[in-house]
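Pasting query_36.txt here (compact mmCIF, C-alpha atoms):
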# COMPACT_ATOMS: atom_id res chain seq x y z
CA MET M 1 -126.43 47.37 -204.68
CA ARG M 2 -123.35 45.87 -203.09
CA VAL M 3 -123.90 43.90 -199.91
CA THR M 4 -121.01 43.21 -197.55
CA THR M 5 -121.07 40.67 -194.80
CA ALA M 6 -119.32 41.48 -191.57
CA PRO M 7 -116.88 38.79 -190.54
CA ILE M 8 -117.96 36.63 -187.66
CA ALA M 9 -116.03 37.46 -184.55
CA GLU M 10 -113.62 34.75 -183.60
CA GLY M 11 -114.58 35.07 -179.96
CA ARG M 12 -118.10 33.74 -180.71
CA ILE M 13 -116.74 30.38 -181.88
CA GLY M 14 -116.73 27.83 -179.08
CA LEU M 15 -113.97 25.35 -178.33
CA ARG M 16 -115.95 22.42 -179.75
CA ALA M 17 -116.65 24.23 -183.01
CA ASN M 18 -113.04 25.38 -183.18
CA ALA M 19 -111.82 21.79 -182.74
CA ARG M 20 -114.22 20.66 -185.47
CA HIS M 21 -112.89 23.33 -187.83
CA ILE M 22 -109.30 22.33 -187.10
CA GLY M 23 -110.16 18.68 -187.78
CA ALA M 24 -111.78 19.54 -191.11
CA LEU M 25 -108.80 21.65 -192.17
CA VAL M 26 -106.36 18.93 -191.10
CA ARG M 27 -108.22 16.46 -193.31
CA ARG M 28 -108.12 18.96 -196.18
CA ASN M 29 -104.35 19.44 -195.81
CA ALA M 30 -103.78 15.68 -195.49
CA LEU M 31 -105.78 15.07 -198.68
CA GLN M 32 -103.58 17.61 -200.45
CA ILE M 33 -100.51 15.59 -199.47
CA LYS M 34 -102.22 12.39 -200.68
CA GLN M 35 -102.91 14.03 -204.04
CA ASP M 36 -99.34 15.37 -204.23
CA PRO M 37 -97.08 12.66 -202.70
CA GLU M 38 -94.00 14.52 -203.96
CA SER M 39 -94.57 17.01 -201.13
CA MET M 40 -93.41 14.25 -198.76
CA PHE M 41 -90.02 13.84 -200.43
CA ASP M 42 -88.28 16.19 -197.99
CA ALA M 43 -89.68 14.38 -194.94
CA VAL M 44 -88.78 10.95 -196.36
CA LEU M 45 -85.43 11.57 -198.05
CA MET M 46 -83.92 14.32 -195.91
CA PRO M 47 -83.28 12.15 -192.80
CA ILE M 48 -81.71 9.40 -194.92
CA VAL M 49 -79.38 11.81 -196.74
CA PHE M 50 -78.40 13.71 -193.59
CA ILE M 51 -77.53 10.72 -191.44
CA LEU M 52 -75.54 9.00 -194.20
CA LEU M 53 -73.73 12.23 -194.99
CA PHE M 54 -72.75 13.09 -191.44
CA VAL M 55 -71.90 9.56 -190.32
CA TYR M 56 -69.81 8.50 -193.31
CA VAL M 57 -68.46 11.81 -194.61
CA PHE M 58 -67.88 13.75 -191.38
CA GLY M 59 -68.07 11.01 -188.75
CA GLY M 60 -64.52 9.83 -189.30
CA ALA M 61 -63.12 13.35 -189.01
CA ILE M 62 -65.14 14.18 -185.89
CA ALA M 63 -65.08 10.86 -184.04
CA GLY M 64 -61.91 9.40 -185.56
CA LYS M 65 -61.46 7.00 -188.43
CA GLY M 66 -63.21 3.70 -187.71
CA ASN M 67 -65.38 5.19 -184.96
CA GLN M 68 -68.37 6.02 -187.14
CA ALA M 69 -70.51 3.47 -185.30
CA GLY M 70 -70.01 5.36 -182.03
CA TYR M 71 -70.70 8.67 -183.73
CA VAL M 72 -74.16 7.41 -184.74
CA ASN M 73 -75.29 7.55 -181.11
CA TYR M 74 -74.02 11.11 -180.87
CA VAL M 75 -75.33 12.61 -184.11
CA THR M 76 -78.73 10.89 -184.48
CA PRO M 77 -80.34 12.62 -181.46
CA GLY M 78 -78.87 15.90 -182.69
CA LEU M 79 -80.34 15.39 -186.15
CA MET M 80 -83.77 15.03 -184.51
CA ALA M 81 -83.50 18.73 -183.69
CA MET M 82 -82.46 19.49 -187.27
CA MET M 83 -85.47 17.63 -188.68
CA GLY M 84 -87.82 19.90 -186.77
CA ILE M 85 -86.14 23.03 -188.14
CA ASN M 86 -86.30 21.95 -191.77
CA ILE M 87 -89.93 20.83 -191.54
CA ALA M 88 -90.81 24.10 -189.77
CA MET M 89 -89.19 26.13 -192.55
CA ALA M 90 -91.42 24.39 -195.10
CA VAL M 91 -94.49 25.63 -193.19
CA GLY M 92 -93.54 29.25 -193.81
CA THR M 93 -93.02 28.79 -197.53
CA GLY M 94 -96.28 26.81 -197.74
CA VAL M 95 -98.31 29.55 -196.03
CA ASN M 96 -96.78 32.17 -198.30
CA ASP M 97 -97.60 30.08 -201.37
CA ASP M 98 -101.20 29.51 -200.18
CA PHE M 99 -101.72 33.28 -200.01
CA LYS M 100 -100.36 33.68 -203.53
CA LYS M 101 -102.86 31.08 -204.77
CA GLY M 102 -105.78 32.73 -202.95
CA VAL M 103 -106.40 29.73 -200.68
CA MET M 104 -106.04 31.75 -197.48
CA ASP M 105 -108.39 34.46 -198.77
CA ARG M 106 -111.13 31.85 -199.17
CA PHE M 107 -110.54 30.60 -195.64
CA ARG M 108 -110.84 34.11 -194.25
CA THR M 109 -114.31 34.51 -195.75
CA MET M 110 -115.55 31.43 -193.86
CA PRO M 111 -117.10 31.59 -190.35
CA ILE M 112 -114.16 29.85 -188.69
CA ALA M 113 -111.60 30.91 -186.12
CA ARG M 114 -108.60 32.45 -187.84
CA SER M 115 -106.26 30.52 -185.56
CA SER M 116 -107.78 27.20 -186.69
CA VAL M 117 -106.33 27.63 -190.19
CA LEU M 118 -102.81 28.02 -188.82
CA ILE M 119 -103.17 25.35 -186.11
CA ALA M 120 -104.34 22.84 -188.73
CA LYS M 121 -101.19 23.60 -190.73
CA ILE M 122 -99.06 22.90 -187.68
CA VAL M 123 -100.88 19.64 -186.86
CA VAL M 124 -100.21 18.27 -190.36
CA GLU M 125 -96.59 19.40 -190.30
CA VAL M 126 -96.11 17.75 -186.90
CA GLY M 127 -97.28 14.54 -188.57
CA ARG M 128 -94.65 15.04 -191.28
CA MET M 129 -92.06 15.71 -188.59
CA LEU M 130 -92.94 12.43 -186.85
CA ILE M 131 -92.55 10.56 -190.14
CA ALA M 132 -89.14 12.17 -190.74
CA THR M 133 -88.02 11.41 -187.18
CA THR M 134 -89.17 7.78 -187.45
CA ILE M 135 -87.17 7.34 -190.66
CA LEU M 136 -84.16 9.02 -189.05
CA LEU M 137 -84.28 6.69 -186.05
CA GLY M 138 -84.78 3.68 -188.31
CA MET M 139 -81.65 4.63 -190.24
CA GLY M 140 -79.82 5.21 -186.98
CA PHE M 141 -80.64 1.70 -185.78
CA LEU M 142 -79.54 0.26 -189.14
CA LEU M 143 -76.20 2.05 -188.75
CA GLY M 144 -75.68 0.71 -185.24
CA MET M 145 -77.37 3.15 -182.86
CA GLU M 146 -78.28 1.68 -179.47
CA ILE M 147 -80.80 2.79 -176.87
CA LYS M 148 -78.80 2.88 -173.64
CA THR M 149 -81.74 3.97 -171.49
CA SER M 150 -85.26 2.79 -172.34
CA VAL M 151 -87.92 3.02 -175.03
CA LEU M 152 -89.91 5.45 -172.88
CA GLU M 153 -86.98 7.84 -172.74
CA LEU M 154 -86.53 7.51 -176.49
CA LEU M 155 -90.20 8.49 -176.93
CA ALA M 156 -89.64 11.40 -174.54
CA ALA M 157 -86.77 12.60 -176.75
CA VAL M 158 -89.02 12.41 -179.82
CA GLY M 159 -91.80 14.27 -177.99
CA LEU M 160 -89.40 17.00 -176.88
CA ALA M 161 -88.14 17.47 -180.46
CA VAL M 162 -91.73 17.67 -181.72
CA VAL M 163 -92.76 20.25 -179.10
CA PHE M 164 -89.78 22.47 -179.94
CA GLY M 165 -90.26 22.00 -183.69
CA ALA M 166 -93.94 22.96 -183.40
CA SER M 167 -92.96 26.18 -181.62
CA LEU M 168 -90.56 27.05 -184.43
CA MET M 169 -93.41 26.65 -186.93
CA TRP M 170 -95.06 29.77 -185.52
CA ILE M 171 -91.91 31.75 -186.34
CA PHE M 172 -91.91 30.52 -189.92
CA ILE M 173 -95.65 31.06 -190.31
CA LEU M 174 -95.10 34.65 -189.21
CA LEU M 175 -92.26 34.95 -191.73
CA GLY M 176 -94.46 33.44 -194.44
CA LEU M 177 -97.17 35.99 -193.69
CA THR M 178 -94.68 38.88 -193.63
CA MET M 179 -92.29 38.24 -196.52
CA LYS M 180 -93.41 38.87 -200.11
CA THR M 181 -92.19 35.61 -201.66
CA ALA M 182 -91.47 32.03 -200.63
CA GLN M 183 -87.87 32.53 -201.80
CA ALA M 184 -87.51 35.44 -199.38
CA VAL M 185 -88.81 33.26 -196.55
CA GLN M 186 -86.22 30.60 -197.38
CA GLY M 187 -83.44 33.16 -197.69
CA VAL M 188 -84.10 34.77 -194.31
CA ALA M 189 -84.59 31.37 -192.68
CA MET M 190 -81.29 29.99 -193.96
CA LEU M 191 -79.46 33.15 -192.94
CA VAL M 192 -80.63 32.66 -189.34
CA LEU M 193 -80.65 28.88 -189.15
CA MET M 194 -77.22 28.05 -190.56
CA PRO M 195 -75.32 29.67 -187.66
CA LEU M 196 -77.76 28.16 -185.15
CA GLN M 197 -77.41 24.65 -186.62
CA PHE M 198 -73.65 24.55 -187.03
CA GLY M 199 -72.93 26.67 -183.95
CA SER M 200 -74.48 24.01 -181.73
CA SER M 201 -73.76 20.60 -180.27
CA ILE M 202 -75.79 18.84 -182.99
CA PHE M 203 -72.77 17.63 -184.96
CA ALA M 204 -69.75 17.97 -182.69
CA PRO M 205 -68.99 18.41 -178.97
CA PRO M 206 -68.68 22.12 -178.07
CA ALA M 207 -65.45 21.37 -176.15
CA SER M 208 -63.67 21.11 -179.51
CA MET M 209 -64.74 24.65 -180.51
CA PRO M 210 -63.07 28.02 -179.81
CA GLY M 211 -64.03 29.60 -176.49
CA TRP M 212 -66.32 32.28 -177.97
CA LEU M 213 -68.19 29.70 -180.06
CA GLU M 214 -68.48 27.33 -177.11
CA THR M 215 -70.12 30.15 -175.15
CA PHE M 216 -72.56 30.71 -178.03
CA THR M 217 -73.51 27.01 -178.04
CA ASP M 218 -74.31 27.17 -174.33
CA PHE M 219 -77.10 29.68 -175.06
CA ASN M 220 -78.19 28.10 -178.33
CA PRO M 221 -81.61 26.43 -177.86
CA LEU M 222 -80.71 23.81 -180.49
CA SER M 223 -77.80 22.70 -178.31
CA ASN M 224 -80.12 22.27 -175.34
CA LEU M 225 -82.55 20.22 -177.45
CA ALA M 226 -79.75 18.08 -178.92
CA ASP M 227 -78.21 17.52 -175.47
CA ALA M 228 -81.57 16.63 -173.94
CA ALA M 229 -82.41 14.13 -176.70
CA ARG M 230 -78.88 12.69 -176.60
CA ASN M 231 -78.93 12.15 -172.83
CA LEU M 232 -82.44 10.71 -172.91
CA ILE M 233 -81.21 8.09 -175.40
CA ASN M 234 -77.63 7.55 -174.23
CA GLY M 235 -78.01 8.28 -170.53
CA GLY M 236 -76.89 11.33 -168.60
CA PRO M 237 -78.33 14.36 -166.79
CA VAL M 238 -81.43 15.64 -168.58
CA ALA M 239 -83.34 17.91 -166.18
CA HIS M 240 -81.60 21.20 -167.04
CA SER M 241 -81.54 20.77 -170.83
CA VAL M 242 -85.14 19.50 -170.91
CA TRP M 243 -86.51 22.40 -168.88
CA VAL M 244 -84.51 24.97 -170.86
CA THR M 245 -85.82 23.49 -174.13
CA LEU M 246 -89.41 23.54 -172.87
CA ALA M 247 -88.96 27.13 -171.69
CA TRP M 248 -87.70 28.15 -175.13
CA ALA M 249 -90.62 26.36 -176.81
CA ALA M 250 -93.17 28.02 -174.51
CA GLY M 251 -91.60 31.47 -174.91
CA ILE M 252 -91.42 31.24 -178.71
CA THR M 253 -95.05 30.09 -178.94
CA LEU M 254 -96.40 32.71 -176.53
CA VAL M 255 -94.69 35.51 -178.44
CA THR M 256 -95.04 34.45 -182.08
CA ALA M 257 -98.41 32.62 -182.18
CA PRO M 258 -100.53 35.73 -181.34
CA LEU M 259 -98.43 37.79 -183.77
CA ALA M 260 -98.95 35.21 -186.53
CA VAL M 261 -102.73 35.07 -185.97
CA ALA M 262 -102.95 38.89 -185.92
CA ARG M 263 -100.89 39.11 -189.11
CA PHE M 264 -103.11 36.48 -190.74
CA ARG M 265 -106.23 38.57 -189.99
CA LYS M 266 -104.72 41.75 -191.44
CA LYS M 267 -102.80 40.39 -194.44
CA THR M 268 -104.25 41.41 -197.80
Just give me the structure of the file as structure tokens.
Amino acid sequence: MRVTTAPIAEGRIGLRANARHIGALVRRNALQIKQDPESMFDAVLMPIVFILLFVYVFGGAIAGKGNQAGYVNYVTPGLMAMMGINIAMAVGTGVNDDFKKGVMDRFRTMPIARSSVLIAKIVVEVGRMLIATTILLGMGFLLGMEIKTSVLELLAAVGLAVVFGASLMWIFILLGLTMKTAQAVQGVAMLVLMPLQFGSSIFAPPASMPGWLETFTDFNPLSNLADAARNLINGGPVAHSVWVTLAWAAGITLVTAPLAVARFRKKT
């Protein structure tokens, strides 16, 4: 005789139990990284490669030969936005791979909130994002970047990049739960992200772009994040770009997080 157990309703799990489940899953994911340190290569090496590439290969063309030192203060805050995107993309491929290995199926048989599995993923990836951002800023300082405001405003720029990056993770989790393969997740992500990254103020001032592209950058959330981080570090008006970035982050999370959790429940 086959006996089936009805899944425990997520609504019966209290906040304290939910937090405990998230903590246990965060520890599990962190231990996985400890056992596979190669999974940190992107977070450690990517910021070093990117800042050296853009400062020394493109910096002279964008800022003028010999002005690479000044370009560091422009591009480093922009690259903070780029770090969040690349880390977020890895979340989607990781979730997709976990389903292929059967890890997620085991989680879904346990009496835990379905959202706790995904939130734990995001918490660990936020930690990886902070490591990548710290390395990026360290390289920026080595190359001559200066804080023209204060340390508190620098930390605010980092926090803003983390909040926006965490919101993007829900999009990539949803993609990871929807697409059939990790390669498909990467392909779709790159198709969308390349225009957003290079059609923004991350690498060059929009004033140097054609009119139609400059208009696109004005509505590009990555431009708002890059401008907010840049002005928090270098000085300048921040209220508009900060609030627009936070509004984008809130909107993305409110729309995609429930969809991702619902997809996680139904995925077979």
- Item | Option closest in space to Lys121 in chain M, from M:Asn29, M:Ser167, M:Thr134, M:Gln183 [counting all atoms listed in the file] |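 Looking at the shortest contact to Lys121 in chain M, the residue is M:Asn29.
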Restricting to all atoms listed in the file, whichever of M:Ala81, M:Ile131, M:Ala17, M:Ile62 is closest to Met40 in chain M is M:Ile131
*Taking into account only C-alpha atoms, which residue in the set M:Ala69, M:Ala30, M:Val162, M:Leu15 is nearest to Ile51 in chain M?*
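Closest to Ile51 in chain M, using only C-alpha atoms: M:Ala69.
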Here CA of Asn18 in chain M and CA of Ile171 in chain M stand apart by 22.3 Å
Counting only C-alpha atoms, which residues of range 138-201 of chain M fall within 8 Å of range 96-102 of chain M, and what is the closest atom pair for each with its distance in Å at one decimal, ordered by chain and rising number, as CSV?
residue,atom,partner,partner_atom,distance
M:Gly176,CA,M:Asn96,CA,4.7
M:Leu177,CA,M:Asn96,CA,6.0
M:Met179,CA,M:Asn96,CA,7.8
M:Lys180,CA,M:Asn96,CA,7.7
M:Thr181,CA,M:Asn96,CA,6.6
M:Ala182,CA,M:Asn96,CA,5.8
Contacts of range 195-205 of chain M at 7 Å (all atoms listed in the file; same-chain gap of 2+ positions) as a tab-separated table (two decimals) with C-alpha atoms, keeping the file's coordinate frame:
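Dumped everything to around_27.tsv:
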chain	number	residue	atom	x	y	z
M	62	ILE	CA	-65.14	14.18	-185.89
M	75	VAL	CA	-75.33	12.61	-184.11
M	78	GLY	CA	-78.87	15.90	-182.69
M	79	LEU	CA	-80.34	15.39	-186.15
M	192	VAL	CA	-80.63	32.66	-189.34
M	193	LEU	CA	-80.65	28.88	-189.15
M	207	ALA	CA	-65.45	21.37	-176.15
M	208	SER	CA	-63.67	21.11	-179.51
M	213	LEU	CA	-68.19	29.70	-180.06
M	217	THR	CA	-73.51	27.01	-178.04
M	220	ASN	CA	-78.19	28.10	-178.33
M	222	LEU	CA	-80.71	23.81	-180.49
M	223	SER	CA	-77.80	22.70	-178.31
M	226	ALA	CA	-79.75	18.08	-178.92
**Message:** Between CA of Leu52 in chain M and CA of Leu136 in chain M, what is the distance in Å, rounded to a tenth?
**Reply:**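 One can read the CA of Leu52 in chain M to CA of Leu136 in chain M distance as 10.0 Å.
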For Ala250 in chain M, the closest of M:Met190, M:Val72, M:Val163, M:Leu137 counting all atoms listed in the file is M:Val163
Query raised in the report: If you measure from CA of Gly211 in chain M to CA of Gln68 in chain M, what distance in Å do you get, rounded to one decimal?
Result: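 These atoms are spaced 26.2 Å apart.
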| message | Counting all atoms listed in the file, which residue out of M:Ala249, M:Met129, M:Ile233, M:Val124 sits closest to Gln32 in chain M? | response |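 Nearest candidate to Gln32 in chain M out of M:Ala249, M:Met129, M:Ile233, M:Val124: M:Val124.
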Counting all atoms listed in the file, the residue among M:His240, M:Arg128, M:Lys266, M:Arg106 that lies closest to Met83 in chain M is M:Arg128
| message | Please return as a ChimeraX atom specification every residue within 7 Å of (-82.6, 25.1, -174.7), taking into account only C-alpha atoms and the file's own coordinates. | response | /M:220-225,241,244-245,248
Would you pick out the contacts of Pro258 in chain M at 10 Å or less, using all atoms listed in the file, so that residues sharing its chain but fewer than 6 positions from it are not included, and give the list as JSON, numbers by chain? {"M": [115, 170, 174, 264]}
Which residues are close to Asn231 in chain M, i.e. within 10 Å by all atoms listed in the file, leaving aside same-chain residues fewer than 4 positions away? Reply as a list in words.
Tyr74, Pro77, Lys148, Thr149, Glu153, Leu154, Ala157, Leu225, Ala226, Asp227, Gly235, Gly236, Pro237, Val238, Ala239, Ser241 and Val242 of chain M
Please, could you write that set of residues out with C-alpha atoms as a PDB file, keeping the file's coordinate frame?
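Result saved to again_33.pdb:
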ATOM      1  CA  TYR M  74     -74.020  11.110-180.870  1.00  0.00           C
ATOM      2  CA  PRO M  77     -80.340  12.620-181.460  1.00  0.00           C
ATOM      3  CA  LYS M 148     -78.800   2.880-173.640  1.00  0.00           C
ATOM      4  CA  THR M 149     -81.740   3.970-171.490  1.00  0.00           C
ATOM      5  CA  GLU M 153     -86.980   7.840-172.740  1.00  0.00           C
ATOM      6  CA  LEU M 154     -86.530   7.510-176.490  1.00  0.00           C
ATOM      7  CA  ALA M 157     -86.770  12.600-176.750  1.00  0.00           C
ATOM      8  CA  LEU M 225     -82.550  20.220-177.450  1.00  0.00           C
ATOM      9  CA  ALA M 226     -79.750  18.080-178.920  1.00  0.00           C
ATOM     10  CA  ASP M 227     -78.210  17.520-175.470  1.00  0.00           C
ATOM     11  CA  GLY M 235     -78.010   8.280-170.530  1.00  0.00           C
ATOM     12  CA  GLY M 236     -76.890  11.330-168.600  1.00  0.00           C
ATOM     13  CA  PRO M 237     -78.330  14.360-166.790  1.00  0.00           C
ATOM     14  CA  VAL M 238     -81.430  15.640-168.580  1.00  0.00           C
ATOM     15  CA  ALA M 239     -83.340  17.910-166.180  1.00  0.00           C
ATOM     16  CA  SER M 241     -81.540  20.770-170.830  1.00  0.00           C
ATOM     17  CA  VAL M 242     -85.140  19.500-170.910  1.00  0.00           C
TER      18      VAL M 242
END
Need to verify the contact set: Ile22 in chain M, 8 Å, only C-alpha atoms, exclusion of same-chain residues closer than 6 positions in sequence. Can you return it as a ChimeraX atom specification? /M:116-117,119-120
